[in-house]
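Structure file query.pdb; described as PDB, C-alpha atoms, pLDDT in the B column.
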ATOM      1  CA  MET A  18       6.552   0.718  26.823  1.00 83.00           C
ATOM      2  CA  LEU A  19       6.492  -2.849  25.487  1.00 87.00           C
ATOM      3  CA  GLN A  20       3.562  -1.963  23.220  1.00 90.00           C
ATOM      4  CA  TYR A  21       5.401   1.040  21.804  1.00 91.00           C
ATOM      5  CA  LEU A  22       8.513  -1.074  21.269  1.00 93.00           C
ATOM      6  CA  VAL A  23       6.476  -3.663  19.321  1.00 92.00           C
ATOM      7  CA  ILE A  24       4.959  -1.091  16.946  1.00 93.00           C
ATOM      8  CA  ALA A  25       8.273   0.742  16.570  1.00 92.00           C
ATOM      9  CA  VAL A  26      10.006  -2.457  15.430  1.00 91.00           C
ATOM     10  CA  ALA A  27       7.046  -3.379  13.198  1.00 89.00           C
ATOM     11  CA  ALA A  28       7.070   0.057  11.532  1.00 89.00           C
ATOM     12  CA  LEU A  29      10.858  -0.114  11.106  1.00 87.00           C
ATOM     13  CA  LEU A  30      10.465  -3.460   9.323  1.00 84.00           C
ATOM     14  CA  ALA A  31       7.478  -2.178   7.305  1.00 82.00           C
ATOM     15  CA  GLY A  32       9.411   0.879   6.108  1.00 79.00           C
ATOM     16  CA  GLY A  33      12.324  -1.285   4.987  1.00 75.00           C
ATOM     17  CA  ILE A  34      10.064  -3.842   3.326  1.00 74.00           C
ATOM     18  CA  ASN A  35       8.136  -1.149   1.443  1.00 72.00           C
ATOM     19  CA  SER A  36      11.384   0.301   0.071  1.00 66.00           C
ATOM     20  CA  ILE A  37      12.517  -3.104  -1.226  1.00 64.00           C
ATOM     21  CA  ALA A  38       9.491  -5.152  -2.264  1.00 58.00           C
ATOM     22  CA  GLY A  39       6.269  -3.622  -0.897  1.00 65.00           C
ATOM     23  CA  GLY A  40       3.800  -5.211   1.524  1.00 72.00           C
ATOM     24  CA  GLY A  41       4.957  -3.521   4.728  1.00 78.00           C
ATOM     25  CA  THR A  42       1.350  -3.061   5.868  1.00 83.00           C
ATOM     26  CA  LEU A  43       1.191  -6.831   6.403  1.00 81.00           C
ATOM     27  CA  ILE A  44       3.694  -6.279   9.243  1.00 85.00           C
ATOM     28  CA  SER A  45       2.625  -2.952  10.768  1.00 88.00           C
ATOM     29  CA  PHE A  46      -1.168  -3.408  10.761  1.00 89.00           C
ATOM     30  CA  PRO A  47      -1.230  -6.797  12.578  1.00 87.00           C
ATOM     31  CA  ALA A  48       1.230  -5.388  15.134  1.00 90.00           C
ATOM     32  CA  LEU A  49      -1.278  -2.675  16.058  1.00 92.00           C
ATOM     33  CA  VAL A  50      -4.040  -5.274  16.381  1.00 89.00           C
ATOM     34  CA  TRP A  51      -1.731  -7.493  18.474  1.00 87.00           C
ATOM     35  CA  ILE A  52      -1.104  -4.726  21.048  1.00 91.00           C
ATOM     36  CA  GLY A  53      -4.858  -4.289  21.512  1.00 89.00           C
ATOM     37  CA  ARG A  54      -5.980  -1.567  19.119  1.00 92.00           C
ATOM     38  CA  SER A  55      -9.369  -2.182  17.516  1.00 92.00           C
ATOM     39  CA  THR A  56      -9.093  -3.269  13.882  1.00 91.00           C
ATOM     40  CA  ILE A  57     -10.586  -0.025  12.529  1.00 94.00           C
ATOM     41  CA  VAL A  58      -8.369   2.216  14.699  1.00 95.00           C
ATOM     42  CA  ALA A  59      -5.367   0.036  13.782  1.00 93.00           C
ATOM     43  CA  ASN A  60      -6.139   0.381  10.083  1.00 93.00           C
ATOM     44  CA  ALA A  61      -6.673   4.157  10.267  1.00 94.00           C
ATOM     45  CA  THR A  62      -3.565   4.650  12.422  1.00 95.00           C
ATOM     46  CA  ASN A  63      -1.451   2.553  10.077  1.00 92.00           C
ATOM     47  CA  THR A  64      -2.638   4.579   7.049  1.00 90.00           C
ATOM     48  CA  VAL A  65      -1.665   7.877   8.703  1.00 91.00           C
ATOM     49  CA  ALA A  66       1.657   6.501   9.993  1.00 89.00           C
ATOM     50  CA  ILE A  67       2.936   5.157   6.661  1.00 81.00           C
ATOM     51  CA  TRP A  68       2.012   8.294   4.704  1.00 81.00           C
ATOM     52  CA  PRO A  69       5.278  10.201   5.405  1.00 76.00           C
ATOM     53  CA  GLY A  70       7.274   7.219   4.160  1.00 69.00           C
ATOM     54  CA  SER A  71       5.254   7.152   0.933  1.00 68.00           C
ATOM     55  CA  LEU A  72       5.858  10.872   0.471  1.00 72.00           C
ATOM     56  CA  ALA A  73       9.605  10.409   0.922  1.00 67.00           C
ATOM     57  CA  GLY A  74       9.557   7.596  -1.633  1.00 63.00           C
ATOM     58  CA  ALA A  75       7.704   9.744  -4.168  1.00 66.00           C
ATOM     59  CA  LEU A  76      10.184  12.609  -3.801  1.00 70.00           C
ATOM     60  CA  GLY A  77      12.918  10.213  -4.860  1.00 66.00           C
ATOM     61  CA  PHE A  78      11.125   9.749  -8.206  1.00 69.00           C
ATOM     62  CA  ARG A  79      10.373  13.445  -8.860  1.00 73.00           C
ATOM     63  CA  HIS A  80      12.560  13.578 -11.993  1.00 76.00           C
ATOM     64  CA  GLU A  81      10.733  10.609 -13.551  1.00 75.00           C
ATOM     65  CA  LEU A  82       7.386  12.325 -12.905  1.00 76.00           C
ATOM     66  CA  LYS A  83       8.484  15.321 -14.992  1.00 78.00           C
ATOM     67  CA  ASN A  84       8.902  13.113 -18.069  1.00 77.00           C
ATOM     68  CA  LEU A  85       5.472  11.455 -17.840  1.00 79.00           C
ATOM     69  CA  PRO A  86       2.741  12.307 -20.363  1.00 77.00           C
ATOM     70  CA  ARG A  87       0.635  15.022 -18.690  1.00 79.00           C
ATOM     71  CA  TRP A  88      -2.666  13.193 -19.216  1.00 81.00           C
ATOM     72  CA  LEU A  89      -1.537  10.380 -16.908  1.00 82.00           C
ATOM     73  CA  LEU A  90      -1.626  12.830 -13.996  1.00 85.00           C
ATOM     74  CA  LEU A  91      -5.408  12.883 -14.438  1.00 89.00           C
ATOM     75  CA  LEU A  92      -5.354   9.488 -12.680  1.00 91.00           C
ATOM     76  CA  ILE A  93      -4.969  11.540  -9.490  1.00 93.00           C
ATOM     77  CA  LEU A  94      -8.709  12.346  -9.674  1.00 95.00           C
ATOM     78  CA  PRO A  95     -10.046   8.757  -9.445  1.00 95.00           C
ATOM     79  CA  ALA A  96      -7.331   8.029  -6.854  1.00 94.00           C
ATOM     80  CA  LEU A  97      -8.571  10.843  -4.596  1.00 96.00           C
ATOM     81  CA  ILE A  98     -12.271  10.075  -5.105  1.00 97.00           C
ATOM     82  CA  GLY A  99     -11.677   6.363  -4.510  1.00 96.00           C
ATOM     83  CA  GLY A 100      -9.486   7.008  -1.452  1.00 96.00           C
ATOM     84  CA  ILE A 101     -12.051   9.162   0.338  1.00 97.00           C
ATOM     85  CA  SER A 102     -14.852   6.727  -0.629  1.00 97.00           C
ATOM     86  CA  GLY A 103     -12.961   3.791   0.884  1.00 96.00           C
ATOM     87  CA  ALA A 104     -12.218   5.750   4.063  1.00 96.00           C
ATOM     88  CA  VAL A 105     -15.886   6.680   4.490  1.00 97.00           C
ATOM     89  CA  ILE A 106     -16.950   3.059   3.948  1.00 96.00           C
ATOM     90  CA  LEU A 107     -14.402   1.887   6.545  1.00 95.00           C
ATOM     91  CA  LEU A 108     -15.663   4.181   9.305  1.00 95.00           C
ATOM     92  CA  LYS A 109     -19.244   3.212   8.519  1.00 95.00           C
ATOM     93  CA  THR A 110     -18.395  -0.498   8.773  1.00 94.00           C
ATOM     94  CA  PRO A 111     -19.262  -1.967  12.204  1.00 94.00           C
ATOM     95  CA  GLU A 112     -16.126  -2.928  14.169  1.00 90.00           C
ATOM     96  CA  ARG A 113     -17.274  -6.536  14.543  1.00 90.00           C
ATOM     97  CA  THR A 114     -17.886  -6.860  10.784  1.00 93.00           C
ATOM     98  CA  PHE A 115     -14.486  -5.393   9.879  1.00 90.00           C
ATOM     99  CA  ALA A 116     -12.750  -7.695  12.362  1.00 87.00           C
ATOM    100  CA  HIS A 117     -14.273 -10.682  10.521  1.00 89.00           C
ATOM    101  CA  ILE A 118     -13.263  -9.264   7.115  1.00 89.00           C
ATOM    102  CA  VAL A 119      -9.638  -8.473   8.073  1.00 85.00           C
ATOM    103  CA  PRO A 120      -8.222 -12.038   7.793  1.00 86.00           C
ATOM    104  CA  PHE A 121      -9.586 -12.287   4.240  1.00 89.00           C
ATOM    105  CA  LEU A 122      -8.103  -8.885   3.332  1.00 85.00           C
ATOM    106  CA  ILE A 123      -4.685  -9.910   4.665  1.00 83.00           C
ATOM    107  CA  LEU A 124      -4.869 -13.260   2.886  1.00 86.00           C
ATOM    108  CA  GLY A 125      -5.802 -11.548  -0.405  1.00 84.00           C
ATOM    109  CA  ALA A 126      -2.943  -9.049  -0.097  1.00 79.00           C
ATOM    110  CA  THR A 127      -0.525 -11.873   0.761  1.00 80.00           C
ATOM    111  CA  ILE A 128      -1.542 -13.886  -2.319  1.00 84.00           C
ATOM    112  CA  LEU A 129      -1.208 -10.747  -4.444  1.00 77.00           C
ATOM    113  CA  LEU A 130       2.309 -10.156  -3.145  1.00 72.00           C
ATOM    114  CA  ALA A 131       3.259 -13.801  -3.730  1.00 78.00           C
ATOM    115  CA  ALA A 132       2.028 -13.541  -7.334  1.00 78.00           C
ATOM    116  CA  GLN A 133       3.796 -10.247  -8.023  1.00 69.00           C
ATOM    117  CA  GLU A 134       6.521 -11.700 -10.255  1.00 72.00           C
ATOM    118  CA  VAL A 135       4.012 -13.711 -12.327  1.00 76.00           C
ATOM    119  CA  ILE A 136       1.868 -10.580 -12.788  1.00 73.00           C
ATOM    120  CA  SER A 137       4.940  -8.582 -13.848  1.00 69.00           C
ATOM    121  CA  ARG A 138       5.919 -11.219 -16.429  1.00 73.00           C
ATOM    122  CA  LYS A 139       2.418 -11.276 -17.931  1.00 73.00           C
ATOM    123  CA  LEU A 140       2.415  -7.481 -18.134  1.00 67.00           C
ATOM    124  CA  ARG A 141       5.774  -7.369 -19.917  1.00 66.00           C
ATOM    125  CA  LEU A 142       4.397  -9.858 -22.439  1.00 71.00           C
ATOM    126  CA  PHE A 143       1.268  -7.760 -22.982  1.00 66.00           C
ATOM    127  CA  VAL A 144       3.216  -4.514 -23.440  1.00 62.00           C
ATOM    128  CA  GLU A 145       5.572  -6.162 -25.953  1.00 65.00           C
ATOM    129  CA  THR A 146       2.667  -7.344 -28.136  1.00 65.00           C
ATOM    130  CA  HIS A 147       0.567  -4.138 -27.947  1.00 60.00           C
ATOM    131  CA  GLU A 148       2.262  -1.047 -29.323  1.00 60.00           C
ATOM    132  CA  ARG A 149      -0.430   1.419 -28.285  1.00 61.00           C
ATOM    133  CA  PRO A 150      -3.171   1.064 -25.684  1.00 61.00           C
ATOM    134  CA  SER A 151      -6.694   1.345 -27.064  1.00 67.00           C
ATOM    135  CA  ALA A 152      -9.233   3.866 -25.776  1.00 74.00           C
ATOM    136  CA  ALA A 153     -10.946   0.997 -23.953  1.00 75.00           C
ATOM    137  CA  TRP A 154      -7.771   0.244 -21.992  1.00 72.00           C
ATOM    138  CA  VAL A 155      -7.431   3.912 -21.020  1.00 76.00           C
ATOM    139  CA  VAL A 156     -11.044   4.008 -19.752  1.00 84.00           C
ATOM    140  CA  PHE A 157     -10.367   0.757 -17.914  1.00 81.00           C
ATOM    141  CA  ALA A 158      -7.294   2.335 -16.268  1.00 81.00           C
ATOM    142  CA  PHE A 159      -9.365   5.212 -14.858  1.00 89.00           C
ATOM    143  CA  VAL A 160     -12.146   2.934 -13.578  1.00 91.00           C
ATOM    144  CA  PHE A 161      -9.599   0.499 -12.161  1.00 87.00           C
ATOM    145  CA  GLN A 162      -7.722   3.339 -10.431  1.00 90.00           C
ATOM    146  CA  PHE A 163     -10.960   4.417  -8.753  1.00 94.00           C
ATOM    147  CA  LEU A 164     -11.552   0.853  -7.494  1.00 91.00           C
ATOM    148  CA  VAL A 165      -7.941   0.613  -6.275  1.00 90.00           C
ATOM    149  CA  GLY A 166      -8.505   3.936  -4.494  1.00 93.00           C
ATOM    150  CA  VAL A 167     -11.607   2.577  -2.751  1.00 95.00           C
ATOM    151  CA  TYR A 168      -9.688  -0.509  -1.659  1.00 92.00           C
ATOM    152  CA  GLY A 169      -6.712   1.632  -0.616  1.00 90.00           C
ATOM    153  CA  GLY A 170      -8.860   3.916   1.525  1.00 93.00           C
ATOM    154  CA  TYR A 171     -10.561   0.892   3.074  1.00 93.00           C
ATOM    155  CA  PHE A 172      -7.510  -1.303   3.731  1.00 89.00           C
ATOM    156  CA  GLY A 173      -4.654  -0.693   1.300  1.00 77.00           C
ATOM    157  CA  ALA A 174      -2.179  -3.581   1.417  1.00 75.00           C
ATOM    158  CA  GLY A 175      -1.111  -4.481  -2.124  1.00 72.00           C
ATOM    159  CA  ILE A 176      -2.336  -1.334  -3.911  1.00 80.00           C
ATOM    160  CA  GLY A 177       1.103  -0.765  -5.415  1.00 76.00           C
ATOM    161  CA  ILE A 178       1.014  -4.112  -7.241  1.00 75.00           C
ATOM    162  CA  LEU A 179      -2.487  -3.428  -8.546  1.00 79.00           C
ATOM    163  CA  MET A 180      -1.526   0.030  -9.825  1.00 81.00           C
ATOM    164  CA  LEU A 181       1.619  -1.224 -11.561  1.00 75.00           C
ATOM    165  CA  ALA A 182      -0.558  -3.792 -13.328  1.00 74.00           C
ATOM    166  CA  ALA A 183      -2.966  -1.102 -14.578  1.00 74.00           C
ATOM    167  CA  LEU A 184      -0.152   1.205 -15.729  1.00 77.00           C
ATOM    168  CA  GLY A 185       1.423  -1.640 -17.668  1.00 72.00           C
ATOM    169  CA  LEU A 186      -1.872  -2.321 -19.429  1.00 70.00           C
ATOM    170  CA  ILE A 187      -2.127   1.260 -20.707  1.00 71.00           C
ATOM    171  CA  GLY A 188       1.320   1.095 -22.261  1.00 68.00           C
ATOM    172  CA  LEU A 189       3.869   2.440 -19.758  1.00 71.00           C
ATOM    173  CA  ARG A 190       7.177   0.633 -20.267  1.00 69.00           C
ATOM    174  CA  ASP A 191       9.690   2.467 -18.072  1.00 71.00           C
ATOM    175  CA  ILE A 192       9.590   0.781 -14.630  1.00 67.00           C
ATOM    176  CA  HIS A 193      10.979   3.928 -12.956  1.00 71.00           C
ATOM    177  CA  GLN A 194       8.216   6.081 -14.425  1.00 77.00           C
ATOM    178  CA  MET A 195       5.663   3.461 -13.400  1.00 78.00           C
ATOM    179  CA  ASN A 196       6.993   3.453  -9.834  1.00 74.00           C
ATOM    180  CA  ALA A 197       7.000   7.259  -9.771  1.00 79.00           C
ATOM    181  CA  LEU A 198       3.338   7.479 -10.800  1.00 85.00           C
ATOM    182  CA  LYS A 199       2.386   4.577  -8.535  1.00 82.00           C
ATOM    183  CA  ASN A 200       3.946   6.364  -5.535  1.00 80.00           C
ATOM    184  CA  LEU A 201       2.207   9.628  -6.400  1.00 86.00           C
ATOM    185  CA  LEU A 202      -1.183   7.908  -6.661  1.00 89.00           C
ATOM    186  CA  ALA A 203      -0.547   6.024  -3.388  1.00 85.00           C
ATOM    187  CA  ILE A 204       0.178   9.348  -1.669  1.00 86.00           C
ATOM    188  CA  CYS A 205      -3.151  10.697  -2.932  1.00 92.00           C
ATOM    189  CA  ILE A 206      -5.100   7.617  -1.799  1.00 92.00           C
ATOM    190  CA  ASN A 207      -3.451   7.338   1.623  1.00 88.00           C
ATOM    191  CA  GLY A 208      -3.288  11.104   2.125  1.00 91.00           C
ATOM    192  CA  ILE A 209      -6.992  11.796   1.576  1.00 95.00           C
ATOM    193  CA  ALA A 210      -7.916   8.745   3.687  1.00 94.00           C
ATOM    194  CA  ALA A 211      -5.511   9.844   6.453  1.00 92.00           C
ATOM    195  CA  ILE A 212      -7.080  13.329   6.580  1.00 94.00           C
ATOM    196  CA  TYR A 213     -10.561  11.822   6.833  1.00 96.00           C
ATOM    197  CA  PHE A 214      -9.494   9.411   9.601  1.00 95.00           C
ATOM    198  CA  ALA A 215      -7.766  12.199  11.553  1.00 94.00           C
ATOM    199  CA  VAL A 216     -10.729  14.581  11.311  1.00 95.00           C
ATOM    200  CA  ASN A 217     -13.074  11.836  12.529  1.00 95.00           C
ATOM    201  CA  GLY A 218     -10.921  10.906  15.540  1.00 93.00           C
ATOM    202  CA  ALA A 219     -10.154   7.364  14.372  1.00 93.00           C
ATOM    203  CA  VAL A 220      -6.382   7.672  14.877  1.00 94.00           C
ATOM    204  CA  SER A 221      -4.120   6.832  17.827  1.00 94.00           C
ATOM    205  CA  TRP A 222      -1.637   9.714  17.606  1.00 94.00           C
ATOM    206  CA  PRO A 223       1.058   8.358  19.976  1.00 94.00           C
ATOM    207  CA  ASP A 224       1.219   5.253  17.761  1.00 94.00           C
ATOM    208  CA  VAL A 225       1.364   7.414  14.631  1.00 94.00           C
ATOM    209  CA  LEU A 226       4.317   9.477  15.882  1.00 94.00           C
ATOM    210  CA  ILE A 227       6.378   6.417  16.797  1.00 94.00           C
ATOM    211  CA  MET A 228       5.556   4.534  13.600  1.00 92.00           C
ATOM    212  CA  ALA A 229       6.098   7.488  11.271  1.00 90.00           C
ATOM    213  CA  VAL A 230       9.625   8.084  12.578  1.00 90.00           C
ATOM    214  CA  THR A 231      10.653   4.437  12.588  1.00 90.00           C
ATOM    215  CA  SER A 232       9.090   3.674   9.173  1.00 85.00           C
ATOM    216  CA  ILE A 233      11.115   6.504   7.592  1.00 83.00           C
ATOM    217  CA  ALA A 234      14.253   5.111   9.256  1.00 84.00           C
ATOM    218  CA  GLY A 235      13.293   1.660   7.995  1.00 80.00           C
ATOM    219  CA  GLY A 236      12.887   2.982   4.459  1.00 74.00           C
ATOM    220  CA  TYR A 237      16.380   4.472   4.564  1.00 73.00           C
ATOM    221  CA  LEU A 238      17.939   1.284   5.956  1.00 76.00           C
ATOM    222  CA  GLY A 239      15.921  -0.865   3.548  1.00 69.00           C
ATOM    223  CA  ALA A 240      17.343   0.995   0.576  1.00 60.00           C
ATOM    224  CA  ARG A 241      20.860   0.225   1.841  1.00 65.00           C
ATOM    225  CA  LEU A 242      20.065  -3.459   2.464  1.00 68.00           C
ATOM    226  CA  ALA A 243      18.160  -4.006  -0.771  1.00 57.00           C
ATOM    227  CA  LYS A 244      21.114  -5.341  -2.736  1.00 58.00           C
ATOM    228  CA  ARG A 245      22.279  -7.582   0.081  1.00 70.00           C
ATOM    229  CA  LEU A 246      18.931  -9.203   0.884  1.00 67.00           C
ATOM    230  CA  GLY A 247      17.216  -9.040  -2.490  1.00 64.00           C
ATOM    231  CA  ARG A 248      13.536  -8.578  -3.314  1.00 64.00           C
ATOM    232  CA  ARG A 249      12.825 -12.321  -3.461  1.00 73.00           C
ATOM    233  CA  PHE A 250      14.008 -12.944   0.109  1.00 71.00           C
ATOM    234  CA  VAL A 251      12.059  -9.976   1.469  1.00 66.00           C
ATOM    235  CA  ARG A 252       8.922 -10.947  -0.469  1.00 69.00           C
ATOM    236  CA  GLY A 253       9.158 -14.513   0.847  1.00 76.00           C
ATOM    237  CA  PHE A 254       9.500 -13.191   4.398  1.00 72.00           C
ATOM    238  CA  VAL A 255       6.459 -10.924   4.058  1.00 69.00           C
ATOM    239  CA  VAL A 256       4.339 -13.664   2.459  1.00 77.00           C
ATOM    240  CA  THR A 257       5.226 -16.013   5.338  1.00 80.00           C
ATOM    241  CA  VAL A 258       4.319 -13.375   7.934  1.00 72.00           C
ATOM    242  CA  GLY A 259       1.103 -12.591   6.039  1.00 74.00           C
ATOM    243  CA  LEU A 260       0.019 -16.234   6.094  1.00 81.00           C
ATOM    244  CA  VAL A 261       0.829 -16.564   9.815  1.00 78.00           C
ATOM    245  CA  MET A 262      -1.104 -13.356  10.566  1.00 73.00           C
ATOM    246  CA  THR A 263      -4.060 -14.578   8.496  1.00 77.00           C
ATOM    247  CA  VAL A 264      -4.289 -17.809  10.506  1.00 81.00           C
ATOM    248  CA  ALA A 265      -3.850 -15.958  13.818  1.00 73.00           C
ATOM    249  CA  LEU A 266      -6.560 -13.407  12.992  1.00 70.00           C
ATOM    250  CA  PHE A 267      -8.934 -16.112  11.737  1.00 77.00           C
ATOM    251  CA  PHE A 268      -8.724 -17.771  15.148  1.00 71.00           C
ATOM    252  CA  LYS A 269      -8.994 -14.426  16.970  1.00 64.00           C
ATOM    253  CA  SER A 270     -12.104 -13.390  15.023  1.00 59.00           C
TER     254      SER A 270
END

Have the structure of the file written as structure tokens, please.
Amino acid sequence: MLQYLVIAVAALLAGGINSIAGGGTLISFPALVWIGRSTIVANATNTVAIWPGSLAGALGFRHELKNLPRWLLLLILPALIGGISGAVILLKTPERTFAHIVPFLILGATILLAAQEVISRKLRLFVETHERPSAAWVVFAFVFQFLVGVYGGYFGAGIGILMLAALGLIGLRDIHQMNALKNLLAICINGIAAIYFAVNGAVSWPDVLIMAVTSIAGGYLGARLAKRLGRRFVRGFVVTVGLVMTVALFFKS
């Protein structure tokens, strides 16, 4: 019961954090490892558990998706191909190897989250000085989306920040449209990976059920607390937890 309580609280926090600033995986994934799940099962379980929350978030942006240029929806293809590729690579990675890689993945995602505001500022500057994206930038966006999909299927923390960066580089200016497309692509990446993990028996279903329910509740509460806490406070909290988890997992591995 204590184990289930730990992951329920972690998923509640992760759902709220994802709705405000992103980076909830840095809370929910280490919690699964802490209660004794193997790193690969923890990663696969976390991917399946957070998928309903991502779907709920995308539904909230459905009107913005309708106004997007149709060609941008083609980014779904590299997202799906990358997502399944990353999932396959994960399950073919030896458990011991992945356990050694995990601290570096968490550290990288933590640094990415910490640098989110700087990345956003640079992107705004780029968009202001480039009226139309060149064909090279569009090709780059598709290749980059595939690579983000591979990373997302393999681990996933921080994919939202990476996708927002790519969408800014190809000329999207409306942050709500960018978030709408980012959420849709994240659903594709996590969804295809979740199906692959489930079919291959890499998921702890009792953990998934508890985390899915509490992460949705966390997302709802997070939206209500967003104005009171602010993105900067939440981001600082997640970065701190990410650094602590990195150190802890380095020693454990």

Could you list, as a PyMOL selection string, every residue matched by the PyMOL selection byres ((chain A and resi 175) around 10) in this structure? chain A and resi 39-43+122-123+125-130+133+165+168-169+172-174+176-180

Store the residues of this selection in a file with C-alpha atoms, as a PDB file, in the frame of the given file.
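Contents of the output file again.pdb:
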ATOM      1  CA  GLY A  39       6.269  -3.622  -0.897  1.00 65.00           C
ATOM      2  CA  GLY A  40       3.800  -5.211   1.524  1.00 72.00           C
ATOM      3  CA  GLY A  41       4.957  -3.521   4.728  1.00 78.00           C
ATOM      4  CA  THR A  42       1.350  -3.061   5.868  1.00 83.00           C
ATOM      5  CA  LEU A  43       1.191  -6.831   6.403  1.00 81.00           C
ATOM      6  CA  LEU A 122      -8.103  -8.885   3.332  1.00 85.00           C
ATOM      7  CA  ILE A 123      -4.685  -9.910   4.665  1.00 83.00           C
ATOM      8  CA  GLY A 125      -5.802 -11.548  -0.405  1.00 84.00           C
ATOM      9  CA  ALA A 126      -2.943  -9.049  -0.097  1.00 79.00           C
ATOM     10  CA  THR A 127      -0.525 -11.873   0.761  1.00 80.00           C
ATOM     11  CA  ILE A 128      -1.542 -13.886  -2.319  1.00 84.00           C
ATOM     12  CA  LEU A 129      -1.208 -10.747  -4.444  1.00 77.00           C
ATOM     13  CA  LEU A 130       2.309 -10.156  -3.145  1.00 72.00           C
ATOM     14  CA  GLN A 133       3.796 -10.247  -8.023  1.00 69.00           C
ATOM     15  CA  VAL A 165      -7.941   0.613  -6.275  1.00 90.00           C
ATOM     16  CA  TYR A 168      -9.688  -0.509  -1.659  1.00 92.00           C
ATOM     17  CA  GLY A 169      -6.712   1.632  -0.616  1.00 90.00           C
ATOM     18  CA  PHE A 172      -7.510  -1.303   3.731  1.00 89.00           C
ATOM     19  CA  GLY A 173      -4.654  -0.693   1.300  1.00 77.00           C
ATOM     20  CA  ALA A 174      -2.179  -3.581   1.417  1.00 75.00           C
ATOM     21  CA  ILE A 176      -2.336  -1.334  -3.911  1.00 80.00           C
ATOM     22  CA  GLY A 177       1.103  -0.765  -5.415  1.00 76.00           C
ATOM     23  CA  ILE A 178       1.014  -4.112  -7.241  1.00 75.00           C
ATOM     24  CA  LEU A 179      -2.487  -3.428  -8.546  1.00 79.00           C
ATOM     25  CA  MET A 180      -1.526   0.030  -9.825  1.00 81.00           C
TER      26      MET A 180
END

In Å, how far is it from CA of Ala66 in chain A to CA of Ala116 in chain A?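 Straight-line distance from CA of Ala66 in chain A to CA of Ala116 in chain A works out to 20.4 Å.
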
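As for CA of Phe163 in chain A and CA of Ile93 in chain A, they are spaced 9.3 Å apart.
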
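In terms of minimum interatomic distance to Ala59 in chain A, A:Ala219 ranks closest within A:Ala197, A:Ala219, A:Leu164, A:Val26, counting all atoms listed in the file.
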
Can you list, as a ChimeraX atom specification, the residues that the PyMOL selection byres ((chain A and resi 48) around 9) selects here? /A:23-24,27-28,43-47,49-53,59

Next, write the just-selected residues to a file, as a short mmCIF file (atom, residue, chain, number, x, y, z; two decimals), in the frame of the given file, keeping C-alpha atoms as the atom set.
data_model
loop_
_atom_site.label_atom_id
_atom_site.label_comp_id
_atom_site.auth_asym_id
_atom_site.auth_seq_id
_atom_site.Cartn_x
_atom_site.Cartn_y
_atom_site.Cartn_z
CA VAL A 23 6.48 -3.66 19.32
CA ILE A 24 4.96 -1.09 16.95
CA ALA A 27 7.05 -3.38 13.20
CA ALA A 28 7.07 0.06 11.53
CA LEU A 43 1.19 -6.83 6.40
CA ILE A 44 3.69 -6.28 9.24
CA SER A 45 2.62 -2.95 10.77
CA PHE A 46 -1.17 -3.41 10.76
CA PRO A 47 -1.23 -6.80 12.58
CA LEU A 49 -1.28 -2.68 16.06
CA VAL A 50 -4.04 -5.27 16.38
CA TRP A 51 -1.73 -7.49 18.47
CA ILE A 52 -1.10 -4.73 21.05
CA GLY A 53 -4.86 -4.29 21.51
CA ALA A 59 -5.37 0.04 13.78
#

I'd like the residues picked by the PyMOL selection byres ((chain A and resi 81) around 9) written out as a count of residues only, using the chain letters and numbers from the file. 14

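Picture a line from CA of Pro69 in chain A to CA of Leu108 in chain A; it runs 22.1 Å.
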
May I have a table of the residues of range 59-178 of chain A lying at most 12 Å from range 205-215 of chain A, giving each one's closest pair of atoms and their distance in Å to one decimal, counting only C-alpha atoms, ordered by chain and ascending residue number, as a tab-separated table?
residue	atom	partner	partner_atom	distance
A:Ala59	CA	A:Phe214	CA	11.1
A:Asn60	CA	A:Phe214	CA	9.6
A:Ala61	CA	A:Phe214	CA	6.0
A:Thr62	CA	A:Phe214	CA	8.1
A:Asn63	CA	A:Ala211	CA	9.1
A:Thr64	CA	A:Ala211	CA	6.0
A:Val65	CA	A:Ala211	CA	4.9
A:Ala66	CA	A:Ala211	CA	8.7
A:Ile67	CA	A:Asn207	CA	8.4
A:Trp68	CA	A:Asn207	CA	6.3
A:Pro69	CA	A:Gly208	CA	9.2
A:Gly70	CA	A:Asn207	CA	11.0
A:Ser71	CA	A:Asn207	CA	8.7
A:Leu72	CA	A:Gly208	CA	9.3
A:Ala75	CA	A:Cys205	CA	11.0
A:Leu90	CA	A:Cys205	CA	11.4
A:Leu91	CA	A:Cys205	CA	11.9
A:Leu92	CA	A:Cys205	CA	10.1
A:Ile93	CA	A:Cys205	CA	6.9
A:Leu94	CA	A:Cys205	CA	8.9
A:Pro95	CA	A:Ile206	CA	9.2
A:Ala96	CA	A:Ile206	CA	5.5
A:Leu97	CA	A:Ile206	CA	5.5
A:Ile98	CA	A:Ile206	CA	8.3
A:Gly99	CA	A:Ile206	CA	7.2
A:Gly100	CA	A:Ile206	CA	4.4
A:Ile101	CA	A:Ala210	CA	5.3
A:Ser102	CA	A:Ala210	CA	8.4
A:Gly103	CA	A:Ala210	CA	7.6
A:Ala104	CA	A:Ala210	CA	5.3
A:Val105	CA	A:Tyr213	CA	7.8
A:Ile106	CA	A:Ala210	CA	10.7
A:Leu107	CA	A:Phe214	CA	9.5
A:Leu108	CA	A:Phe214	CA	8.1
A:Lys109	CA	A:Phe214	CA	11.6
A:Gln162	CA	A:Ile206	CA	10.0
A:Phe163	CA	A:Ile206	CA	9.6
A:Leu164	CA	A:Ile206	CA	10.9
A:Val165	CA	A:Ile206	CA	8.8
A:Gly166	CA	A:Ile206	CA	5.7
A:Val167	CA	A:Ile206	CA	8.3
A:Tyr168	CA	A:Ile206	CA	9.3
A:Gly169	CA	A:Ile206	CA	6.3
A:Gly170	CA	A:Ala210	CA	5.4
A:Tyr171	CA	A:Ala210	CA	8.3
A:Phe172	CA	A:Asn207	CA	9.8
A:Gly173	CA	A:Asn207	CA	8.1
A:Ala174	CA	A:Asn207	CA	11.0
A:Ile176	CA	A:Ile206	CA	9.6
A:Gly177	CA	A:Ile206	CA	11.0
